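Shown below: target-v5.txt, with compact mmCIF, C-alpha atoms and all ligand atoms.
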# COMPACT_ATOMS: atom_id res chain seq x y z
CA MET M 1473 24.33 13.71 -29.50
CA PRO M 1474 23.79 14.62 -33.15
CA GLU M 1475 20.13 14.56 -33.85
CA LEU M 1476 19.68 16.51 -37.06
CA GLU M 1477 16.75 18.61 -38.09
CA VAL M 1478 16.35 20.20 -41.49
CA ARG M 1479 13.52 22.74 -41.34
CA ASN M 1480 11.89 24.38 -44.38
CA ILE M 1481 15.09 24.64 -46.40
CA SER M 1482 14.87 26.28 -49.82
CA LYS M 1483 17.76 27.02 -52.17
CA TYR M 1484 17.69 28.50 -55.65
CA PHE M 1485 20.61 29.04 -58.01
CA ASP M 1486 19.21 32.05 -59.90
CA SER M 1487 16.00 30.63 -61.32
CA ILE M 1488 17.02 26.98 -60.83
CA ARG M 1489 15.15 25.44 -57.95
CA ALA M 1490 17.58 23.12 -56.16
CA LEU M 1491 15.62 22.71 -52.89
CA GLU M 1492 12.05 23.69 -52.01
CA ASN M 1493 10.82 23.70 -48.44
CA VAL M 1494 12.71 20.56 -47.41
CA SER M 1495 12.05 19.34 -43.86
CA PHE M 1496 12.96 16.14 -42.04
CA LYS M 1497 14.56 14.86 -38.86
CA VAL M 1498 17.28 12.28 -38.42
CA LYS M 1499 17.51 10.55 -35.07
CA ASP M 1500 20.71 10.00 -33.17
CA GLY M 1501 22.39 6.82 -34.47
CA GLU M 1502 20.14 6.55 -37.48
CA TYR M 1503 21.33 5.64 -40.99
CA VAL M 1504 19.28 7.63 -43.47
CA THR M 1505 19.63 7.51 -47.23
CA ILE M 1506 18.51 10.32 -49.50
CA VAL M 1507 17.67 8.99 -52.92
CA GLY M 1508 16.48 10.61 -56.11
CA PRO M 1509 17.43 11.07 -59.75
CA SER M 1510 20.43 13.06 -60.83
CA GLY M 1511 19.89 16.81 -60.43
CA CYS M 1512 17.13 16.51 -57.80
CA GLY M 1513 19.10 18.48 -55.20
CA LYS M 1514 20.82 15.76 -53.15
CA SER M 1515 24.30 17.29 -53.15
CA THR M 1516 22.93 20.76 -52.53
CA LEU M 1517 21.04 19.45 -49.51
CA LEU M 1518 24.16 17.82 -48.04
CA ARG M 1519 26.16 20.98 -48.64
CA VAL M 1520 23.53 23.06 -46.88
CA ILE M 1521 23.62 20.69 -43.89
CA ALA M 1522 27.42 20.84 -43.91
CA GLY M 1523 27.40 24.65 -44.06
CA ILE M 1524 29.22 24.86 -47.40
CA ILE M 1525 26.16 26.44 -49.05
CA LYS M 1526 23.90 28.98 -47.37
CA PRO M 1527 20.19 28.27 -47.88
CA ASP M 1528 17.83 31.03 -49.06
CA ARG M 1529 15.38 30.05 -46.35
CA GLY M 1530 15.09 27.58 -43.50
CA GLU M 1531 17.20 26.32 -40.63
CA ILE M 1532 19.51 23.47 -39.76
CA TYR M 1533 19.62 22.14 -36.19
CA ILE M 1534 22.33 19.77 -34.98
CA GLY M 1535 21.86 18.33 -31.51
CA GLY M 1536 19.04 20.82 -30.93
CA GLU M 1537 21.20 23.84 -31.73
CA GLN M 1538 20.53 26.08 -34.72
CA VAL M 1539 23.75 26.09 -36.74
CA ASN M 1540 22.91 28.36 -39.70
CA ASN M 1541 25.72 30.77 -38.85
CA LYS M 1542 28.29 28.15 -37.84
CA PRO M 1543 31.10 27.46 -40.32
CA PRO M 1544 31.44 23.86 -41.58
CA GLN M 1545 34.42 23.01 -39.36
CA GLU M 1546 32.45 23.86 -36.24
CA ARG M 1547 29.44 21.71 -37.04
CA GLY M 1548 31.00 18.43 -35.89
CA ILE M 1549 30.41 16.65 -39.17
CA GLY M 1550 32.48 14.38 -41.37
CA LEU M 1551 32.15 14.61 -45.13
CA VAL M 1552 32.84 11.98 -47.76
CA PHE M 1553 32.37 12.61 -51.46
CA GLN M 1554 32.13 10.50 -54.59
CA ASN M 1555 35.38 11.94 -55.89
CA ILE M 1556 37.88 10.58 -53.47
CA LEU M 1557 39.77 13.53 -52.08
CA LEU M 1558 42.97 12.19 -50.56
CA PHE M 1559 46.25 14.07 -50.36
CA PRO M 1560 48.32 12.29 -53.04
CA HIS M 1561 51.68 13.04 -51.40
CA MET M 1562 50.66 11.58 -48.04
CA ASN M 1563 50.40 7.89 -47.24
CA ALA M 1564 47.24 6.30 -45.85
CA TRP M 1565 48.31 6.85 -42.23
CA GLU M 1566 49.14 10.53 -42.83
CA ASN M 1567 45.87 11.06 -44.67
CA ILE M 1568 43.82 9.50 -41.90
CA THR M 1569 45.51 11.38 -39.09
CA TYR M 1570 45.57 14.69 -40.95
CA GLY M 1571 42.62 16.19 -39.03
CA PRO M 1572 43.90 15.33 -35.55
CA VAL M 1573 47.41 16.58 -36.50
CA VAL M 1574 46.07 19.93 -37.77
CA LYS M 1575 43.95 20.25 -34.67
CA GLY M 1576 47.06 19.80 -32.53
CA TRP M 1577 46.03 16.63 -30.73
CA SER M 1578 48.74 15.01 -28.60
CA ASP M 1579 50.98 12.38 -30.24
CA ARG M 1580 49.42 9.70 -28.07
CA GLU M 1581 45.90 10.68 -29.14
CA ILE M 1582 46.92 10.81 -32.81
CA GLU M 1583 48.51 7.37 -32.54
CA ARG M 1584 45.45 5.95 -30.82
CA ILE M 1585 42.87 7.31 -33.27
CA GLY M 1586 45.07 6.43 -36.27
CA ARG M 1587 45.35 2.82 -35.12
CA GLU M 1588 41.67 2.57 -34.30
CA MET M 1589 40.68 3.82 -37.75
CA MET M 1590 43.20 1.62 -39.55
CA ASP M 1591 41.88 -1.35 -37.62
CA LEU M 1592 38.28 -0.51 -38.24
CA MET M 1593 38.85 -0.17 -41.97
CA LYS M 1594 41.10 -3.24 -42.07
CA LEU M 1595 43.75 -1.02 -43.61
CA THR M 1596 46.54 -1.60 -41.10
CA PHE M 1597 48.69 -3.55 -43.53
CA ARG M 1598 48.55 -0.68 -46.04
CA SER M 1599 49.30 2.22 -43.73
CA ASP M 1600 52.49 3.16 -45.67
CA ALA M 1601 50.83 3.04 -49.07
CA TYR M 1602 50.20 6.21 -51.05
CA PRO M 1603 46.72 6.76 -52.54
CA SER M 1604 47.93 5.84 -56.05
CA GLU M 1605 49.06 2.46 -54.70
CA LEU M 1606 45.65 1.65 -53.21
CA SER M 1607 42.63 0.21 -54.99
CA MET M 1608 39.63 2.54 -55.43
CA GLY M 1609 37.78 0.71 -52.67
CA MET M 1610 40.70 1.15 -50.27
CA GLN M 1611 41.09 4.80 -51.24
CA GLN M 1612 37.46 5.43 -50.39
CA LYS M 1613 37.86 3.57 -47.09
CA THR M 1614 40.85 5.79 -46.32
CA ALA M 1615 38.76 8.87 -47.09
CA LEU M 1616 36.09 7.53 -44.79
CA ALA M 1617 38.59 6.83 -42.04
CA ARG M 1618 39.88 10.37 -42.40
CA ALA M 1619 36.35 11.76 -42.06
CA LEU M 1620 35.84 9.65 -38.94
CA ALA M 1621 39.21 10.35 -37.33
CA SER M 1622 38.32 13.91 -36.42
CA GLY M 1623 35.75 12.57 -34.02
CA SER M 1624 32.66 13.68 -35.95
CA SER M 1625 29.55 11.84 -34.94
CA LEU M 1626 27.45 13.01 -37.88
CA LEU M 1627 28.61 11.71 -41.23
CA LEU M 1628 27.48 13.14 -44.55
CA LEU M 1629 28.18 10.85 -47.48
CA ASP M 1630 27.63 12.12 -51.02
CA GLU M 1631 27.48 9.17 -53.42
CA PRO M 1632 30.46 7.66 -51.59
CA LEU M 1633 30.37 4.41 -53.55
CA SER M 1634 29.42 5.62 -57.03
CA ALA M 1635 32.97 5.71 -58.37
CA LEU M 1636 33.62 2.06 -57.43
CA ASP M 1637 32.93 -0.97 -59.57
CA THR M 1638 29.90 -3.09 -58.77
CA ARG M 1639 31.53 -5.85 -56.75
CA VAL M 1640 33.48 -3.47 -54.50
CA ARG M 1641 30.52 -1.12 -54.29
CA VAL M 1642 28.14 -3.77 -52.99
CA LYS M 1643 30.67 -5.17 -50.51
CA LEU M 1644 31.64 -1.76 -49.22
CA ARG M 1645 28.09 -0.59 -48.68
CA TYR M 1646 27.49 -3.27 -46.06
CA GLU M 1647 30.87 -2.64 -44.45
CA LEU M 1648 30.07 1.05 -44.36
CA ARG M 1649 26.78 0.53 -42.57
CA GLU M 1650 28.32 -1.96 -40.17
CA MET M 1651 31.15 0.42 -39.21
CA ILE M 1652 28.84 3.36 -38.74
CA LYS M 1653 26.50 1.31 -36.57
CA GLU M 1654 29.42 -0.10 -34.59
CA LEU M 1655 30.68 3.40 -33.84
CA GLY M 1656 27.15 4.60 -33.01
CA LEU M 1657 27.33 7.40 -35.58
CA THR M 1658 24.51 9.16 -37.36
CA ALA M 1659 24.77 9.00 -41.14
CA ILE M 1660 23.12 10.68 -44.09
CA HIS M 1661 24.05 8.88 -47.26
CA VAL M 1662 23.06 10.37 -50.60
CA THR M 1663 22.75 8.16 -53.66
CA HIS M 1664 20.93 7.91 -56.99
CA ASP M 1665 21.09 4.11 -56.71
CA GLN M 1666 17.74 2.96 -55.34
CA GLU M 1667 19.00 -0.52 -54.54
CA GLU M 1668 21.92 0.84 -52.52
CA ALA M 1669 19.57 3.27 -50.75
CA MET M 1670 17.14 0.53 -49.85
CA SER M 1671 19.65 -2.08 -48.75
CA ILE M 1672 21.45 -0.06 -46.08
CA ALA M 1673 18.95 2.48 -44.75
CA ASP M 1674 17.03 2.60 -41.51
CA ARG M 1675 14.88 5.17 -43.28
CA MET M 1676 14.86 6.61 -46.78
CA ILE M 1677 14.04 10.09 -47.98
CA ILE M 1678 12.82 10.27 -51.56
CA LEU M 1679 13.75 13.54 -53.23
CA ARG M 1680 12.37 14.82 -56.53
CA GLU M 1681 13.07 18.16 -58.18
CA GLY M 1682 14.13 19.68 -54.88
CA GLU M 1683 11.17 18.44 -52.87
CA VAL M 1684 10.75 15.62 -50.38
CA VAL M 1685 8.31 13.15 -51.94
CA GLU M 1686 8.10 10.78 -48.99
CA ILE M 1687 10.02 9.38 -46.05
CA GLY M 1688 9.83 5.85 -44.69
CA THR M 1689 11.57 2.60 -43.91
CA PRO M 1690 12.76 0.65 -46.96
CA ALA M 1691 9.86 -1.80 -46.48
CA GLN M 1692 7.27 1.00 -46.30
CA ILE M 1693 8.73 2.70 -49.34
CA TYR M 1694 8.90 -0.52 -51.31
CA PHE M 1695 5.60 -2.15 -50.37
CA LYS M 1696 3.44 0.92 -49.83
CA PRO M 1697 4.78 3.71 -52.02
CA ARG M 1698 2.57 6.74 -51.47
CA THR M 1699 3.30 8.25 -54.86
CA LEU M 1700 3.60 6.94 -58.39
CA PHE M 1701 7.04 8.52 -58.55
CA THR M 1702 8.26 6.34 -55.67
CA ALA M 1703 6.56 3.23 -57.05
CA GLU M 1704 8.38 3.69 -60.36
CA PHE M 1705 11.70 4.80 -58.94
CA ILE M 1706 12.17 2.24 -56.16
CA GLY M 1707 12.43 -1.48 -56.64
CA GLY M 1708 13.16 -1.69 -60.33
CA GLU M 1709 10.75 -2.33 -63.14
CA CYS M 1710 7.06 -1.82 -62.40
CA ASN M 1711 3.87 -2.46 -64.39
CA ILE M 1712 2.10 0.87 -64.94
CA PHE M 1713 -1.37 1.33 -66.45
CA GLU M 1714 -3.57 4.36 -66.84
CA GLY M 1715 -7.30 3.96 -66.51
CA GLU M 1716 -10.58 5.04 -65.00
CA VAL M 1717 -12.74 3.90 -62.09
CA ILE M 1718 -15.93 2.55 -63.70
CA LYS M 1719 -17.67 0.97 -60.68
CA ILE M 1720 -17.21 1.17 -56.95
CA ASN M 1721 -18.66 -0.38 -53.80
CA ASN M 1722 -17.45 -0.80 -50.21
CA TYR M 1723 -15.16 -3.68 -51.07
CA PHE M 1724 -13.75 -3.01 -54.51
CA ALA M 1725 -13.33 -0.46 -57.20
CA GLU M 1726 -13.35 -1.70 -60.75
CA ILE M 1727 -10.92 -0.08 -63.08
CA GLU M 1728 -10.75 -0.21 -66.81
CA THR M 1729 -7.31 0.45 -68.19
CA GLU M 1730 -6.62 2.21 -71.48
CA ASP M 1731 -6.27 -1.19 -73.16
CA GLY M 1732 -9.68 -2.22 -71.87
CA PHE M 1733 -8.12 -4.39 -69.19
CA PRO M 1734 -10.39 -4.83 -66.11
CA LEU M 1735 -8.85 -4.66 -62.63
CA LYS M 1736 -10.38 -4.93 -59.17
CA VAL M 1737 -8.60 -2.77 -56.61
CA LYS M 1738 -9.19 -1.59 -53.03
CA PRO M 1739 -11.70 1.30 -53.08
CA HIS M 1740 -10.15 3.65 -50.49
CA GLY M 1741 -9.92 7.24 -51.68
CA LEU M 1742 -11.39 6.48 -55.10
CA HIS M 1743 -14.62 7.54 -56.75
CA LYS M 1744 -16.46 6.65 -59.93
CA GLY M 1745 -15.11 8.37 -63.02
CA MET M 1746 -11.76 9.12 -61.40
CA LYS M 1747 -8.77 9.01 -63.74
CA ILE M 1748 -6.04 6.94 -62.17
CA VAL M 1749 -2.67 5.30 -62.71
CA VAL M 1750 -1.96 1.87 -61.25
CA ALA M 1751 1.40 0.36 -60.41
CA VAL M 1752 2.06 -3.34 -59.89
CA LYS M 1753 5.37 -4.85 -58.84
CA PRO M 1754 6.43 -7.74 -61.10
CA GLU M 1755 6.78 -10.11 -58.15
CA HIS M 1756 3.18 -9.51 -57.07
CA ILE M 1757 1.77 -11.25 -60.10
CA THR M 1758 1.42 -14.95 -59.32
CA LEU M 1759 1.56 -17.87 -61.72
CA ASN M 1760 -1.69 -19.29 -60.41
CA CYS M 1761 -4.99 -17.75 -59.46
CA GLY M 1762 -5.34 -18.93 -55.85
CA GLY M 1763 -6.94 -16.26 -53.66
CA ALA M 1764 -6.50 -13.47 -56.19
CA GLU M 1765 -9.38 -11.11 -57.07
CA ASN M 1766 -7.93 -10.59 -60.53
CA THR M 1767 -7.20 -13.55 -62.77
CA PHE M 1768 -6.12 -13.59 -66.36
CA LYS M 1769 -4.96 -15.88 -69.11
CA GLY M 1770 -1.84 -14.77 -70.85
CA GLU M 1771 0.84 -15.88 -73.25
CA VAL M 1772 4.54 -15.98 -72.45
CA ARG M 1773 6.16 -13.62 -74.98
CA GLU M 1774 9.66 -13.13 -73.64
CA ILE M 1775 11.90 -14.78 -71.09
CA ASP M 1776 14.95 -13.13 -69.52
CA PHE M 1777 17.11 -15.14 -67.20
CA LEU M 1778 18.54 -12.69 -64.65
CA GLY M 1779 20.20 -15.15 -62.27
CA SER M 1780 18.13 -15.43 -59.13
CA ILE M 1781 15.10 -14.01 -60.92
CA ILE M 1782 13.46 -14.90 -64.21
CA ARG M 1783 11.63 -12.05 -65.90
CA TYR M 1784 8.68 -12.99 -68.08
CA GLU M 1785 6.84 -10.72 -70.44
CA ILE M 1786 3.23 -11.89 -70.61
CA LEU M 1787 0.67 -10.72 -73.15
CA VAL M 1788 -2.85 -10.48 -71.74
CA ASP M 1789 -5.17 -9.32 -74.53
CA LYS M 1790 -3.40 -6.18 -75.70
CA SER M 1791 -1.57 -5.47 -72.46
CA LYS M 1792 1.95 -6.48 -71.65
CA LEU M 1793 2.75 -7.50 -68.08
CA PHE M 1794 6.16 -8.09 -66.58
CA ILE M 1795 6.45 -10.84 -64.03
CA GLY M 1796 9.53 -11.48 -61.92
CA LYS M 1797 9.88 -14.93 -60.41
CA THR M 1798 12.55 -16.24 -58.13
CA HIS M 1799 13.31 -19.90 -58.75
CA ARG M 1800 14.58 -22.59 -56.48
CA GLY M 1801 17.41 -23.68 -58.67
CA ASN M 1802 15.30 -26.40 -60.29
CA MET M 1803 15.48 -24.71 -63.68
CA LYS M 1804 11.75 -25.03 -64.18
CA ILE M 1805 11.26 -22.21 -66.63
CA LEU M 1806 8.04 -21.48 -68.50
CA ARG M 1807 8.17 -22.08 -72.22
CA LEU M 1808 7.89 -19.31 -74.78
CA GLY M 1809 4.40 -19.18 -76.31
CA LYS M 1810 2.82 -21.09 -73.43
CA THR M 1811 -0.61 -19.96 -72.22
CA ILE M 1812 -0.70 -19.50 -68.46
CA ASN M 1813 -3.08 -18.40 -65.74
CA ILE M 1814 -1.94 -15.48 -63.65
CA GLY M 1815 -3.35 -13.92 -60.51
CA LEU M 1816 -3.13 -10.48 -58.97
CA LYS M 1817 -4.44 -9.54 -55.54
CA ALA M 1818 -6.30 -6.26 -55.17
CA GLN M 1819 -4.17 -5.36 -52.15
CA ASN M 1820 -1.03 -5.48 -54.29
CA ILE M 1821 -2.28 -2.97 -56.83
CA HIS M 1822 -1.21 0.57 -55.97
CA VAL M 1823 -3.59 3.18 -57.31
CA TYR M 1824 -2.75 6.87 -57.75
CA ARG M 1825 -4.78 9.81 -58.94
CA LYS M 1826 -3.67 10.79 -62.44
CA GLN M 1827 -1.85 14.14 -62.26
N1 LIG M 1901 26.63 25.92 -57.95
C1 LIG M 1901 25.55 25.78 -58.72
N2 LIG M 1901 25.20 26.75 -59.60
C2 LIG M 1901 24.10 26.64 -60.36
N3 LIG M 1901 23.27 25.56 -60.35
C3 LIG M 1901 23.56 24.57 -59.51
C4 LIG M 1901 24.73 24.60 -58.66
N4 LIG M 1901 24.78 23.46 -57.92
C5 LIG M 1901 23.69 22.74 -58.31
N5 LIG M 1901 22.98 23.39 -59.26
C6 LIG M 1901 21.72 22.91 -59.88
O1 LIG M 1901 20.82 22.59 -58.83
C7 LIG M 1901 20.13 21.38 -59.12
C8 LIG M 1901 20.42 20.35 -58.05
O2 LIG M 1901 21.79 19.94 -58.16
P1 LIG M 1901 22.48 18.88 -57.21
O3 LIG M 1901 22.17 19.23 -55.81
O4 LIG M 1901 23.91 18.78 -57.59
O5 LIG M 1901 21.70 17.55 -57.61
P2 LIG M 1901 22.08 15.99 -57.36
O6 LIG M 1901 23.20 15.94 -56.38
O7 LIG M 1901 20.80 15.38 -56.86
O8 LIG M 1901 22.45 15.42 -58.69
C9 LIG M 1901 20.55 20.98 -60.52
O9 LIG M 1901 19.62 21.51 -61.43
C10 LIG M 1901 21.90 21.64 -60.67
O10 LIG M 1901 22.17 21.90 -62.01
MG MG M 1902 25.08 15.04 -56.51
Here is a file; write its structure as structure tokens.
Amino acid sequence: MPELEVRNISKYFDSIRALENVSFKVKDGEYVTIVGPSGCGKSTLLRVIAGIIKPDRGEIYIGGEQVNNKPPQERGIGLVFQNILLFPHMNAWENITYGPVVKGWSDREIERIGREMMDLMKLTFRSDAYPSELSMGMQQKTALARALASGSSLLLLDEPLSALDTRVRVKLRYELREMIKELGLTAIHVTHDQEEAMSIADRMIILREGEVVEIGTPAQIYFKPRTLFTAEFIGGECNIFEGEVIKINNYFAEIETEDGFPLKVKPHGLHKGMKIVVAVKPEHITLNCGGAENTFKGEVREIDFLGSIIRYEILVDKSKLFIGKTHRGNMKILRLGKTINIGLKAQNIHVYRKQ
């Protein structure tokens, strides 16, 4: 079965570094997302795995076998791209069964796989429709069904939902994961959308300027980002302060931020005089001080109602803090200009060495 291993892959386009020493493994049946900003090498990586681009260095293993010299069509993979590539002159059924037809499968086999895919994608009622008659969401489902129909058990998805509008995109991402899990396939799904990456992955790979920054489950990546890059990139807005460790003992390190803001943090890996950057998620700042090592008084300066979350901008001395609060539908919203007490636990402050 298609366990995938990417080992020490590097790829340059002249002097442009697209991938640098990229290594990771994907287990059989796993749904992995690769996430990073535009231009960080995501598409290049997928193309190297698919065999469309030859790497400068490194190896690709599929099911334990080194496939560097195998052409794409012999690697047993299905590919789906952001730009939906359907044959415009073929209807949905013909598009989906194209692979099996070309491969010369028997009529019975073609009929069986065609029906199974149509069923799976809930497309049966549109099997006669041409791509131009289908919604974008349905077109992408058809492209997906076509990728699956050839019997590939490793799926490579390059921003498969990016061309769709938000409502369809969110709905389809769950359907996509569900289908892939139901069929027991292995999937590598590339996206620049951190929310999409987090919501559907078993594990996430964070890519930056051609290098793997870190790999982990969505919860690990979100709650314990090992790098400032991840902390800022994943999970939306983050409070970031630069500062210096001014005191340290076995229990706490005391940090003074650039604005003269004192913070107690966990001391592991820190030393006195160290220049650091701290990151705090908005939802980790509480509106009371109970049990928090850091407590402050602040003034509510801005209120943004974002639906399920209210975002407050709080001024504490000279520093601005963003707080995100979910509400219980009781419409109890803090007033502008109100002075409030806020708390921040040391364990929720992520500290990184300043680069
Ligand atoms: N065929 C190519 N020729 C030259 N440069 C390329 C080519 N493909 C990608 N690049 C460059 O490699 C880097 C990574 O690109 P890409 O893998 O497409 O990133 P992503 O998919 O994450 O947006 C970018 O700097 C891009 O401009
Ligand atoms: Mg890309």
Selection within 8 Å of ligand MG 1902 (chain M) by only C-alpha atoms and all ligand atoms, output as number ranges by chain
M: 1510-1511, 1513-1516, 1630-1631, 1662-1663
What does the file look like for those residues with C-alpha atoms, as a PDB file, keeping the file's coordinate frame?
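Once written, part_15.pdb looks like this:
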ATOM      1  CA  SER M1510      20.430  13.060 -60.830  1.00  0.00           C
ATOM      2  CA  GLY M1511      19.890  16.810 -60.430  1.00  0.00           C
ATOM      3  CA  GLY M1513      19.100  18.480 -55.200  1.00  0.00           C
ATOM      4  CA  LYS M1514      20.820  15.760 -53.150  1.00  0.00           C
ATOM      5  CA  SER M1515      24.300  17.290 -53.150  1.00  0.00           C
ATOM      6  CA  THR M1516      22.930  20.760 -52.530  1.00  0.00           C
ATOM      7  CA  ASP M1630      27.630  12.120 -51.020  1.00  0.00           C
ATOM      8  CA  GLU M1631      27.480   9.170 -53.420  1.00  0.00           C
ATOM      9  CA  VAL M1662      23.060  10.370 -50.600  1.00  0.00           C
ATOM     10  CA  THR M1663      22.750   8.160 -53.660  1.00  0.00           C
TER      11      THR M1663
END
M:Trp1565 environment, 9 Å, only C-alpha atoms, sequence neighbours closer than 3 positions dropped, as a PyMOL selection string:
chain M and resi 1562+1568-1570+1586-1587+1590+1596+1598-1601+1614
Check which residues fall inside 10 Å of ligand LIG 1901 (chain M) when counting all atoms listed in the file, and print them as a PyMOL selection string.
chain M and resi 1483-1491+1506-1520+1525+1630-1631+1662-1664+1679-1682
Within 8 Å of (20.1, 22.7, -38.2) in the file's own coordinates, which protein, DNA or RNA residues have an atom, counting all atoms listed in the file? List them as a list in words.
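With a cut-off of 8 Å, the residues come to Leu1476, Glu1477, Val1478, Arg1479, Ile1521, Glu1531, Ile1532, Tyr1533, Ile1534, Gly1536, Glu1537, Gln1538, Val1539 and Asn1540 of chain M.
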Could you please take those selected residues and save C-alpha atoms as a PDB file, in the coordinates of the input?
ATOM      1  CA  LEU M1476      19.680  16.510 -37.060  1.00  0.00           C
ATOM      2  CA  GLU M1477      16.750  18.610 -38.090  1.00  0.00           C
ATOM      3  CA  VAL M1478      16.350  20.200 -41.490  1.00  0.00           C
ATOM      4  CA  ARG M1479      13.520  22.740 -41.340  1.00  0.00           C
ATOM      5  CA  ILE M1521      23.620  20.690 -43.890  1.00  0.00           C
ATOM      6  CA  GLU M1531      17.200  26.320 -40.630  1.00  0.00           C
ATOM      7  CA  ILE M1532      19.510  23.470 -39.760  1.00  0.00           C
ATOM      8  CA  TYR M1533      19.620  22.140 -36.190  1.00  0.00           C
ATOM      9  CA  ILE M1534      22.330  19.770 -34.980  1.00  0.00           C
ATOM     10  CA  GLY M1536      19.040  20.820 -30.930  1.00  0.00           C
ATOM     11  CA  GLU M1537      21.200  23.840 -31.730  1.00  0.00           C
ATOM     12  CA  GLN M1538      20.530  26.080 -34.720  1.00  0.00           C
ATOM     13  CA  VAL M1539      23.750  26.090 -36.740  1.00  0.00           C
ATOM     14  CA  ASN M1540      22.910  28.360 -39.700  1.00  0.00           C
TER      15      ASN M1540
END
So what do you get for atom CA of M:Asp1776 versus atom CA of M:Val1788, distance-wise?
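Taking atom CA of M:Asp1776 and atom CA of M:Val1788, their separation equals 18.1 Å.
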Proximity to M:Leu1633 - best of M:Asp1674, M:Asn1555, M:Glu1654, M:Val1573, only C-alpha atoms
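Distance minimum relative to M:Leu1633 lands on M:Asn1555.
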Tell me which of M:Ile1693, M:Ile1795, M:Met1608, M:Leu1808 sits closest to M:Ser1634, counting only C-alpha atoms.
M:Met1608
Name the closest residue to M:Asn1820 among the candidates M:Glu1755, M:Thr1767, M:Lys1804, M:Ile1585; distances are taken between atoms, counting all atoms listed in the file.
M:Glu1755
